[in-house]
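Note: the block below is final_36.txt and it holds compact mmCIF, C-alpha atoms.
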```txt
# COMPACT_ATOMS: atom_id res chain seq x y z
CA MET N 1 11.60 5.52 27.14
CA GLY N 2 9.98 3.51 24.35
CA ARG N 3 10.75 1.12 21.54
CA LEU N 4 10.41 2.41 17.99
CA VAL N 5 10.69 0.99 14.51
CA MET N 6 11.60 3.69 11.96
CA LYS N 7 11.19 2.92 8.26
CA PHE N 8 12.76 5.03 5.49
CA GLY N 9 11.75 4.69 1.83
CA GLY N 10 13.86 5.01 -1.30
CA THR N 11 13.62 8.78 -1.72
CA SER N 12 14.65 9.22 1.93
CA VAL N 13 17.90 7.27 1.35
CA ALA N 14 18.48 8.29 -2.29
CA ASN N 15 22.10 9.38 -1.74
CA ILE N 16 24.72 9.71 1.00
CA ASP N 17 23.52 13.20 2.02
CA ARG N 18 20.00 11.91 2.54
CA ILE N 19 21.31 8.89 4.42
CA ARG N 20 23.12 11.35 6.72
CA ASN N 21 19.79 13.15 7.21
CA VAL N 22 18.16 9.81 8.11
CA ALA N 23 20.95 9.17 10.61
CA GLN N 24 20.13 12.47 12.34
CA HIS N 25 16.48 11.40 12.67
CA VAL N 26 17.64 8.13 14.23
CA LYS N 27 20.11 9.92 16.53
CA ARG N 28 17.31 12.20 17.78
CA GLU N 29 15.28 9.19 18.92
CA VAL N 30 18.31 7.40 20.40
CA ASP N 31 19.29 10.54 22.35
CA ALA N 32 15.71 10.69 23.67
CA GLY N 33 16.31 7.26 25.24
CA HIS N 34 14.37 5.09 22.80
CA GLU N 35 15.35 1.61 21.66
CA VAL N 36 15.41 1.85 17.88
CA ALA N 37 15.23 -0.53 14.94
CA VAL N 38 15.46 1.04 11.47
CA VAL N 39 14.09 -0.57 8.30
CA VAL N 40 15.41 0.77 5.01
CA SER N 41 14.47 0.49 1.35
CA ALA N 42 16.92 0.46 -1.54
CA MET N 43 18.19 3.84 -2.71
CA SER N 44 15.70 5.50 -5.06
CA GLY N 45 15.76 3.92 -8.52
CA LYS N 46 18.09 1.04 -7.57
CA THR N 47 15.41 -1.67 -7.46
CA ASN N 48 14.16 -0.64 -10.91
CA GLU N 49 17.74 -0.84 -12.20
CA LEU N 50 18.21 -4.33 -10.72
CA VAL N 51 14.88 -5.53 -12.15
CA ALA N 52 15.89 -4.20 -15.57
CA TRP N 53 19.18 -6.10 -15.38
CA CYS N 54 17.28 -9.33 -14.64
CA THR N 55 15.02 -8.79 -17.64
CA GLU N 56 17.98 -7.91 -19.87
CA ALA N 57 19.83 -11.07 -18.79
CA SER N 58 16.77 -13.20 -19.59
CA PRO N 59 13.11 -12.22 -19.99
CA MET N 60 12.13 -15.63 -18.50
CA HIS N 61 14.49 -15.57 -15.51
CA ASP N 62 14.50 -17.81 -12.42
CA ALA N 63 12.40 -16.11 -9.69
CA ARG N 64 14.81 -17.36 -7.01
CA GLU N 65 17.77 -15.65 -8.67
CA TYR N 66 15.63 -12.56 -9.27
CA ASP N 67 15.09 -12.31 -5.49
CA ALA N 68 18.81 -12.78 -4.80
CA ILE N 69 19.54 -9.86 -7.12
CA VAL N 70 16.84 -7.35 -6.18
CA ALA N 71 17.33 -7.91 -2.43
CA SER N 72 20.85 -6.52 -2.74
CA GLY N 73 19.61 -2.92 -2.96
CA GLU N 74 18.41 -2.91 0.66
CA GLN N 75 21.63 -4.64 1.74
CA VAL N 76 23.67 -1.70 0.45
CA THR N 77 21.45 0.90 2.17
CA SER N 78 21.48 -0.88 5.55
CA GLY N 79 25.28 -1.09 5.50
CA LEU N 80 25.72 2.57 4.52
CA LEU N 81 23.33 3.82 7.22
CA SER N 82 25.11 1.69 9.83
CA ILE N 83 28.45 3.21 8.83
CA VAL N 84 27.05 6.76 9.08
CA LEU N 85 25.46 6.06 12.48
CA GLN N 86 28.74 4.62 13.77
CA GLY N 87 30.43 7.82 12.62
CA LEU N 88 28.01 9.73 14.88
CA GLY N 89 29.09 7.61 17.86
CA ILE N 90 25.98 5.39 17.83
CA GLN N 91 26.26 1.64 18.25
CA ALA N 92 24.68 0.19 15.11
CA ARG N 93 24.83 -2.90 12.92
CA SER N 94 23.11 -3.96 9.72
CA TRP N 95 20.83 -6.99 9.47
CA GLN N 96 19.72 -8.82 6.35
CA GLY N 97 16.35 -10.55 6.42
CA TRP N 98 17.91 -14.02 6.67
CA GLN N 99 20.10 -13.03 9.63
CA ILE N 100 17.24 -12.16 11.98
CA PRO N 101 15.61 -14.38 10.54
CA ILE N 102 12.45 -13.14 8.81
CA LYS N 103 10.86 -16.43 7.72
CA THR N 104 8.60 -16.28 4.68
CA SER N 105 6.64 -18.44 2.27
CA ASP N 106 8.36 -19.69 -0.89
CA ALA N 107 6.42 -17.41 -3.29
CA HIS N 108 9.47 -15.67 -4.73
CA ALA N 109 8.97 -11.98 -5.60
CA SER N 110 5.71 -11.90 -3.59
CA ALA N 111 6.45 -13.86 -0.41
CA ARG N 112 4.41 -13.48 2.78
CA ILE N 113 5.99 -13.21 6.22
CA LEU N 114 5.36 -16.28 8.38
CA ASP N 115 7.45 -15.57 11.48
CA ILE N 116 10.07 -13.18 12.83
CA ASP N 117 12.40 -14.00 15.72
CA GLY N 118 13.44 -10.66 17.24
CA THR N 119 15.16 -12.15 20.30
CA GLU N 120 18.72 -11.24 19.34
CA ILE N 121 17.80 -7.67 18.38
CA VAL N 122 16.01 -7.13 21.72
CA THR N 123 19.00 -8.59 23.58
CA ARG N 124 21.30 -6.12 21.84
CA PHE N 125 18.91 -3.28 22.73
CA LYS N 126 19.32 -4.17 26.39
CA GLU N 127 22.98 -5.11 26.56
CA ARG N 128 24.61 -2.84 23.98
CA LYS N 129 22.10 -0.01 23.34
CA GLU N 130 22.59 -1.04 19.71
CA VAL N 131 20.49 0.27 16.82
CA ALA N 132 19.37 -2.48 14.44
CA VAL N 133 19.48 -1.34 10.80
CA ILE N 134 17.40 -3.88 8.89
CA ALA N 135 17.17 -4.44 5.14
CA GLY N 136 13.48 -4.22 4.28
CA PHE N 137 11.57 -6.05 1.54
CA GLN N 138 13.28 -9.39 2.14
CA GLY N 139 13.33 -12.60 4.14
CA ILE N 140 14.26 -16.25 3.86
CA ASN N 141 12.32 -19.38 3.04
CA PRO N 142 13.27 -21.79 5.87
CA ASP N 143 12.67 -24.89 3.75
CA THR N 144 15.05 -23.95 0.94
CA GLY N 145 17.34 -21.44 2.63
CA ARG N 146 16.81 -19.06 -0.31
CA ILE N 147 16.41 -15.29 -0.08
CA THR N 148 12.84 -14.13 -0.78
CA THR N 149 11.33 -10.71 -1.43
CA LEU N 150 7.89 -9.41 -0.45
CA GLY N 151 6.81 -7.56 -3.61
CA ARG N 152 7.11 -3.89 -4.47
CA GLY N 153 6.56 -1.65 -1.45
CA GLY N 154 7.44 -4.60 0.78
CA SER N 155 9.65 -2.55 3.12
CA ASP N 156 6.48 -1.07 4.68
CA THR N 157 5.31 -4.62 5.40
CA SER N 158 8.73 -5.56 6.80
CA ALA N 159 8.66 -2.57 9.13
CA VAL N 160 5.19 -3.24 10.60
CA ALA N 161 5.89 -6.97 10.97
CA ILE N 162 9.19 -6.26 12.72
CA ALA N 163 7.48 -3.72 15.00
CA ALA N 164 4.95 -6.39 15.99
CA ALA N 165 7.69 -8.98 16.56
CA LEU N 166 9.74 -6.58 18.71
CA LYS N 167 6.60 -5.45 20.60
CA ALA N 168 7.40 -1.86 19.65
CA ASP N 169 5.31 1.05 20.88
CA ARG N 170 4.92 2.44 17.36
CA CYS N 171 6.07 2.01 13.77
CA ASP N 172 7.09 5.28 12.11
CA ILE N 173 6.97 5.25 8.28
CA TYR N 174 9.12 8.12 7.00
CA THR N 175 8.35 9.03 3.42
CA ASP N 176 8.36 11.95 0.96
CA VAL N 177 4.95 13.20 2.14
CA ASP N 178 4.08 14.47 5.60
CA GLY N 179 1.11 12.22 6.25
CA VAL N 180 -2.11 10.81 4.84
CA TYR N 181 -4.35 13.32 3.05
CA THR N 182 -8.07 13.28 2.36
CA THR N 183 -7.09 12.78 -1.30
CA ASP N 184 -4.09 13.44 -3.55
CA PRO N 185 -3.12 17.12 -2.96
CA ARG N 186 -1.78 17.28 -6.53
CA VAL N 187 -5.35 16.77 -7.78
CA VAL N 188 -7.17 18.68 -5.04
CA PRO N 189 -5.04 21.52 -3.60
CA LYS N 190 -7.61 21.91 -0.79
CA ALA N 191 -6.94 18.35 0.46
CA ARG N 192 -5.97 18.31 4.12
CA ARG N 193 -3.72 16.11 6.19
CA LEU N 194 -5.47 13.81 8.63
CA ASP N 195 -4.14 13.74 12.20
CA LYS N 196 -5.55 10.24 12.72
CA ILE N 197 -7.19 7.60 10.56
CA ALA N 198 -8.63 4.21 11.50
CA PHE N 199 -6.94 1.05 10.20
CA GLU N 200 -10.06 0.05 8.24
CA ASP N 201 -10.29 3.40 6.46
CA MET N 202 -6.56 3.36 5.64
CA LEU N 203 -6.86 -0.20 4.35
CA GLU N 204 -9.59 0.89 1.94
CA LEU N 205 -7.67 4.01 0.86
CA ALA N 206 -4.53 1.96 0.20
CA SER N 207 -6.35 -0.77 -1.70
CA GLN N 208 -8.35 1.73 -3.80
CA GLY N 209 -5.38 3.64 -5.16
CA ALA N 210 -3.77 5.79 -2.43
CA LYS N 211 -0.02 5.22 -2.79
CA VAL N 212 1.06 6.14 0.76
CA LEU N 213 1.33 2.61 2.20
CA GLN N 214 1.38 -0.95 0.93
CA VAL N 215 -1.96 -2.67 1.66
CA ARG N 216 -0.33 -5.63 3.44
CA SER N 217 1.44 -3.32 5.92
CA VAL N 218 -1.90 -1.80 6.98
CA GLU N 219 -3.42 -5.30 7.33
CA LEU N 220 -0.57 -6.31 9.63
CA GLY N 221 -0.95 -3.12 11.67
CA MET N 222 -4.67 -3.84 12.13
CA VAL N 223 -4.14 -7.53 13.04
CA HIS N 224 -1.46 -6.71 15.63
CA ASN N 225 -3.00 -3.37 16.70
CA MET N 226 0.35 -1.74 15.92
CA PRO N 227 0.04 2.07 15.59
CA ILE N 228 1.62 3.27 12.34
CA PHE N 229 2.77 6.87 12.08
CA VAL N 230 3.25 8.30 8.56
CA ARG N 231 5.60 11.29 8.59
CA SER N 232 8.07 13.16 6.38
CA SER N 233 11.78 12.37 6.34
CA PHE N 234 12.38 15.84 4.90
CA ASP N 235 11.36 17.65 8.09
CA LYS N 236 14.54 18.94 9.71
CA PRO N 237 15.55 16.39 12.40
CA GLU N 238 16.56 19.16 14.81
CA ASP N 239 13.14 20.84 14.54
CA ILE N 240 11.24 17.81 15.88
CA ASP N 241 10.62 17.27 19.58
CA PRO N 242 10.91 13.48 20.16
CA HIS N 243 8.85 13.88 23.35
CA ALA N 244 5.95 15.65 21.61
CA ASN N 245 2.58 13.95 21.89
CA GLN N 246 2.31 13.91 18.09
CA PRO N 247 4.75 15.61 15.69
CA PRO N 248 3.51 16.46 12.15
CA GLY N 249 2.13 13.37 10.44
CA THR N 250 -0.80 10.94 10.46
CA LEU N 251 -1.37 8.24 13.07
CA ILE N 252 -3.06 5.08 11.78
CA CYS N 253 -4.70 3.41 14.75
CA SER N 254 -7.81 1.58 15.99
CA GLU N 255 -11.21 3.30 15.78
CA GLU N 256 -11.39 3.44 19.59
CA GLU N 257 -8.52 5.96 19.65
CA ILE N 258 -10.35 8.42 17.37
CA MET N 259 -12.73 10.67 19.25
CA GLU N 260 -14.88 11.82 16.33
CA MET N 261 -15.46 9.67 13.24
CA HIS N 262 -16.24 11.63 10.08
CA VAL N 263 -18.85 10.25 7.71
CA VAL N 264 -16.29 10.35 4.86
CA THR N 265 -12.58 10.12 5.59
CA GLY N 266 -11.13 10.38 2.11
CA ILE N 267 -11.42 9.96 -1.65
CA ALA N 268 -9.16 7.52 -3.50
CA PHE N 269 -8.87 7.01 -7.23
CA SER N 270 -7.12 4.71 -9.68
CA LYS N 271 -6.64 5.11 -13.41
CA ASP N 272 -4.97 1.69 -13.67
CA GLU N 273 -8.27 -0.02 -14.49
CA ALA N 274 -9.72 -1.84 -17.47
CA GLN N 275 -13.37 -2.77 -18.09
CA ILE N 276 -14.54 -5.98 -19.76
CA SER N 277 -18.19 -6.62 -20.67
CA VAL N 278 -19.30 -10.13 -21.67
CA ARG N 279 -22.53 -9.67 -23.67
CA GLN N 280 -25.59 -11.88 -24.18
CA ILE N 281 -24.65 -14.90 -22.12
CA GLU N 282 -27.31 -17.54 -21.57
CA ASP N 283 -28.72 -16.86 -18.09
CA LYS N 284 -28.24 -20.20 -16.34
CA PRO N 285 -26.44 -21.57 -13.25
CA GLY N 286 -22.65 -21.84 -13.61
CA VAL N 287 -22.14 -18.96 -16.05
CA ALA N 288 -20.35 -16.73 -13.53
CA ALA N 289 -18.10 -19.64 -12.56
CA ALA N 290 -17.29 -20.25 -16.24
CA ILE N 291 -16.10 -16.63 -16.53
CA PHE N 292 -14.41 -16.00 -13.22
CA GLY N 293 -12.94 -19.49 -12.70
CA PRO N 294 -10.41 -19.19 -15.57
CA LEU N 295 -9.54 -15.64 -14.44
CA ALA N 296 -8.82 -16.91 -10.93
CA ASP N 297 -6.70 -19.75 -12.34
CA ALA N 298 -4.70 -17.11 -14.23
CA ASN N 299 -4.21 -15.14 -10.95
CA ILE N 300 -6.11 -12.16 -12.34
CA ASN N 301 -7.81 -10.12 -9.63
CA VAL N 302 -11.36 -9.06 -10.53
CA ASP N 303 -12.69 -5.97 -8.76
CA MET N 304 -16.06 -4.44 -9.69
CA ILE N 305 -18.75 -6.82 -11.00
CA VAL N 306 -22.11 -5.75 -12.45
CA GLN N 307 -24.72 -8.12 -13.93
CA ASN N 308 -27.72 -7.09 -16.06
CA VAL N 309 -30.42 -9.58 -17.04
CA SER N 310 -32.45 -9.07 -20.23
CA GLU N 311 -36.20 -8.39 -20.14
CA ASP N 312 -37.10 -11.93 -21.15
CA GLY N 313 -34.71 -13.37 -18.56
CA LYS N 314 -32.95 -15.56 -21.13
CA THR N 315 -29.64 -13.73 -21.46
CA THR N 316 -27.42 -11.65 -19.21
CA ASP N 317 -24.53 -9.21 -19.53
CA LEU N 318 -21.61 -9.35 -17.08
CA THR N 319 -19.31 -6.36 -16.69
CA PHE N 320 -16.21 -6.41 -14.49
CA THR N 321 -12.92 -4.57 -14.00
CA VAL N 322 -9.36 -5.84 -13.77
CA PRO N 323 -6.02 -4.06 -13.21
CA ALA N 324 -4.83 -2.45 -16.45
CA THR N 325 -1.66 -4.54 -16.28
CA ASP N 326 -3.80 -7.71 -16.52
CA TYR N 327 -6.11 -6.41 -19.26
CA ASN N 328 -4.63 -8.33 -22.21
CA ARG N 329 -4.32 -11.56 -20.23
CA ALA N 330 -7.91 -11.24 -18.99
CA LYS N 331 -9.24 -10.59 -22.50
CA ASP N 332 -7.31 -13.58 -23.89
CA THR N 333 -8.53 -15.79 -21.02
CA ILE N 334 -12.20 -14.96 -21.70
CA THR N 335 -11.74 -15.35 -25.46
CA SER N 336 -10.15 -18.78 -24.94
CA ALA N 337 -13.15 -19.87 -22.85
CA LYS N 338 -15.76 -18.55 -25.32
CA ALA N 339 -17.10 -22.00 -26.23
CA LYS N 340 -17.67 -22.88 -22.58
CA ILE N 341 -19.16 -19.49 -21.63
CA GLY N 342 -21.28 -19.07 -24.76
CA TYR N 343 -21.34 -15.29 -25.13
CA ALA N 344 -22.22 -13.27 -28.23
CA ARG N 345 -19.82 -10.32 -27.92
CA LEU N 346 -16.93 -8.99 -25.82
CA ASP N 347 -16.72 -5.21 -25.22
CA THR N 348 -13.66 -3.71 -23.54
CA ALA N 349 -12.41 -0.29 -22.42
CA THR N 350 -9.10 0.91 -20.96
CA ASP N 351 -9.95 4.63 -20.72
CA VAL N 352 -11.74 4.22 -17.37
CA ALA N 353 -11.02 5.19 -13.78
CA LYS N 354 -12.32 4.08 -10.41
CA VAL N 355 -13.16 6.71 -7.79
CA SER N 356 -13.81 5.50 -4.25
CA VAL N 357 -15.42 7.29 -1.28
CA ILE N 358 -14.29 5.88 2.06
CA GLY N 359 -15.37 6.43 5.65
CA SER N 360 -16.21 4.32 8.71
CA GLY N 361 -18.93 6.88 9.52
CA MET N 362 -21.00 5.54 6.59
CA ARG N 363 -22.11 2.65 8.82
CA SER N 364 -24.46 4.94 10.70
CA HIS N 365 -25.46 7.41 7.97
CA ALA N 366 -27.98 6.82 5.17
CA GLY N 367 -27.89 8.43 1.73
CA VAL N 368 -24.13 9.01 1.54
CA ALA N 369 -23.80 7.36 -1.87
CA ALA N 370 -27.01 8.93 -3.23
CA LYS N 371 -25.53 12.41 -2.67
CA ALA N 372 -22.52 11.44 -4.78
CA PHE N 373 -24.59 10.07 -7.65
CA LYS N 374 -26.63 13.29 -7.77
CA ALA N 375 -23.52 15.51 -7.65
CA LEU N 376 -21.79 13.54 -10.42
CA SER N 377 -24.90 13.64 -12.65
CA GLU N 378 -25.04 17.43 -12.26
CA ARG N 379 -21.48 17.49 -13.64
CA ASN N 380 -22.57 15.27 -16.56
CA ILE N 381 -20.28 12.48 -15.37
CA ASN N 382 -21.65 9.10 -16.44
CA ILE N 383 -21.27 6.17 -14.05
CA ARG N 384 -20.41 2.88 -15.79
CA ALA N 385 -20.50 0.64 -12.69
CA ILE N 386 -20.99 0.87 -8.91
CA THR N 387 -19.83 -1.32 -6.03
CA THR N 388 -20.52 -0.79 -2.34
CA SER N 389 -19.41 -2.11 1.02
CA GLU N 390 -20.07 -1.13 4.61
CA ILE N 391 -17.53 1.71 4.68
CA LYS N 392 -16.88 2.36 0.98
CA PHE N 393 -18.49 2.79 -2.41
CA SER N 394 -16.74 3.00 -5.77
CA VAL N 395 -17.85 4.28 -9.16
CA LEU N 396 -16.31 3.50 -12.53
CA ILE N 397 -16.22 6.51 -14.85
CA ASP N 398 -14.49 7.72 -18.02
CA ALA N 399 -10.86 8.49 -17.18
CA ALA N 400 -11.12 11.99 -18.65
CA TYR N 401 -13.45 13.00 -15.78
CA THR N 402 -11.31 11.62 -12.92
CA GLU N 403 -10.01 14.91 -11.53
CA LEU N 404 -13.39 16.63 -11.86
CA ALA N 405 -15.11 13.76 -10.05
CA VAL N 406 -12.56 13.70 -7.23
CA ARG N 407 -12.76 17.48 -6.69
CA THR N 408 -16.58 17.39 -6.81
CA LEU N 409 -16.84 14.63 -4.19
CA HIS N 410 -14.11 16.12 -2.00
CA THR N 411 -16.08 19.36 -1.72
CA LEU N 412 -19.43 17.57 -1.44
CA TYR N 413 -18.41 15.74 1.75
CA GLY N 414 -16.83 18.77 3.40
CA LEU N 415 -13.22 17.56 3.11
CA ASP N 416 -11.80 20.84 1.74
CA GLN N 417 -9.62 22.83 4.09
CA ALA N 418 -11.49 25.55 5.96
```
Same coordinates, now as structure tokens:
Amino acid sequence: MGRLVMKFGGTSVANIDRIRNVAQHVKREVDAGHEVAVVVSAMSGKTNELVAWCTEASPMHDAREYDAIVASGEQVTSGLLSIVLQGLGIQARSWQGWQIPIKTSDAHASARILDIDGTEIVTRFKERKEVAVIAGFQGINPDTGRITTLGRGGSDTSAVAIAAALKADRCDIYTDVDGVYTTDPRVVPKARRLDKIAFEDMLELASQGAKVLQVRSVELGMVHNMPIFVRSSFDKPEDIDPHANQPPGTLICSEEEIMEMHVVTGIAFSKDEAQISVRQIEDKPGVAAAIFGPLADANINVDMIVQNVSEDGKTTDLTFTVPATDYNRAKDTITSAKAKIGYARLDTATDVAKVSVIGSGMRSHAGVAAKAFKALSERNINIRAITTSEIKFSVLIDAAYTELAVRTLHTLYGLDQA
């Protein structure tokens, strides 16, 4: 017997038939003797609809009321799943974030979880064998008593945080894919599903463009050493053995649990990038602060940074990337600070993509990045910028070459299926 948290995303609960399918997955684990908490997202498309209503009502709406509105999608799903489970003879009740409570910061629409009190849920596990069906993506700010939400994809974060609070054995993330792949199978058909991946590698994959999990959920899993199992909700519930050592899917766990670390674990990519180059700045102390200080004040996240100093050492060029959604704001911010920065010209590009090679095995292997640079040059793919870390390197290239670059690197590092 164990304690599980099962999380189901929007496509998994898109309609009543799919909610019935989810209920069968839950019933399978309950019948196996597990104590189960379920975290659900809003039905597919509902959050977008609610957000659109907020914008239609007023483009400059109150963030507190926005949270009250968009949190209702998960409330509906948790109630519907509880009803279906009760119809199957399973003790179940729905929980909203504030009822548990899930205490969060007051940053509406992007709150962070501060504390979760799972005492009552655990008591009901013991005394009533009751399944807790919890609305994901939401909590409460204890100072104001207002509903808060955790940002898009926040149900993943809810699930891992709840698993940690309940001291669960594992957090199962059910989604529309059957695990974590070496790269996007739609781009590289030879991509293969990983049986296991270390938290650090998954964190890099998620932050560099892989859409499987929200970054914050992986961070929480790593901090609390909570195993996260990514699996498909579309596998037939009756075909899965709940006592199997590992059903189809990918286990995200600590490095110690992985017998053999590959040099490269996966390739991530993102086309949601924009490049800004600040040209001919006087090379003196404080210039970088004059550029990146205003960007930080505007809450614009800067990723890749490359600096080139002229031959005479008097001027420098600074190139950096920002999310495409922040491109116009970043450009306006730099333009507004032109007098303070003292640059000659601003060059920008939005037709760029970032391709990242990730693997904990890089720590102990030399020349991993050099192989990639050679392979890309042989394909006539020009590299605009490079950043590296201990277990990752990223290259910025023209967006038109994204798929070619990803396929080239995937084959280069032996990630294609045998």
Distance criterion (only C-alpha atoms): nearest to Asp239 of chain N out of N:Arg28, N:Arg128, N:Arg146, N:Arg152: N:Arg28
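With all atoms listed in the file as the basis for measurement, N:Val263 is the residue among N:Ile276, N:Val263, N:Ala161, N:Ala71 that approaches Ala366 of chain N most closely.
Residue neighbourhood of Ile162 of chain N, excluding near-sequence residues (fewer than 6 positions): Val5, Ala37, Val39, Ile102, Ile116, Asp117, Gly118, Ala168 and Cys171 of chain N, at 9 Å, using all atoms listed in the file.
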Proximity to Thr123 of chain N - best of N:Lys196, N:Ala52, N:Val287, N:Leu166, all atoms listed in the file: N:Leu166
Selection near Ile100 of chain N, 9 Å with only C-alpha atoms, sequence-local residues under 3 positions removed, as JSON, numbers by chain: {"N": [95, 96, 97, 103, 116, 117, 118, 119, 120, 121, 134, 139]}
For those residues, write C-alpha atoms to a file as a compact mmCIF listing (two decimals), keeping the file's coordinate frame.
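Contents of the output file result-v2.txt:
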```txt
# COMPACT_ATOMS: atom_id res chain seq x y z
CA TRP N 95 20.83 -6.99 9.47
CA GLN N 96 19.72 -8.82 6.35
CA GLY N 97 16.35 -10.55 6.42
CA LYS N 103 10.86 -16.43 7.72
CA ILE N 116 10.07 -13.18 12.83
CA ASP N 117 12.40 -14.00 15.72
CA GLY N 118 13.44 -10.66 17.24
CA THR N 119 15.16 -12.15 20.30
CA GLU N 120 18.72 -11.24 19.34
CA ILE N 121 17.80 -7.67 18.38
CA ILE N 134 17.40 -3.88 8.89
CA GLY N 139 13.33 -12.60 4.14
```
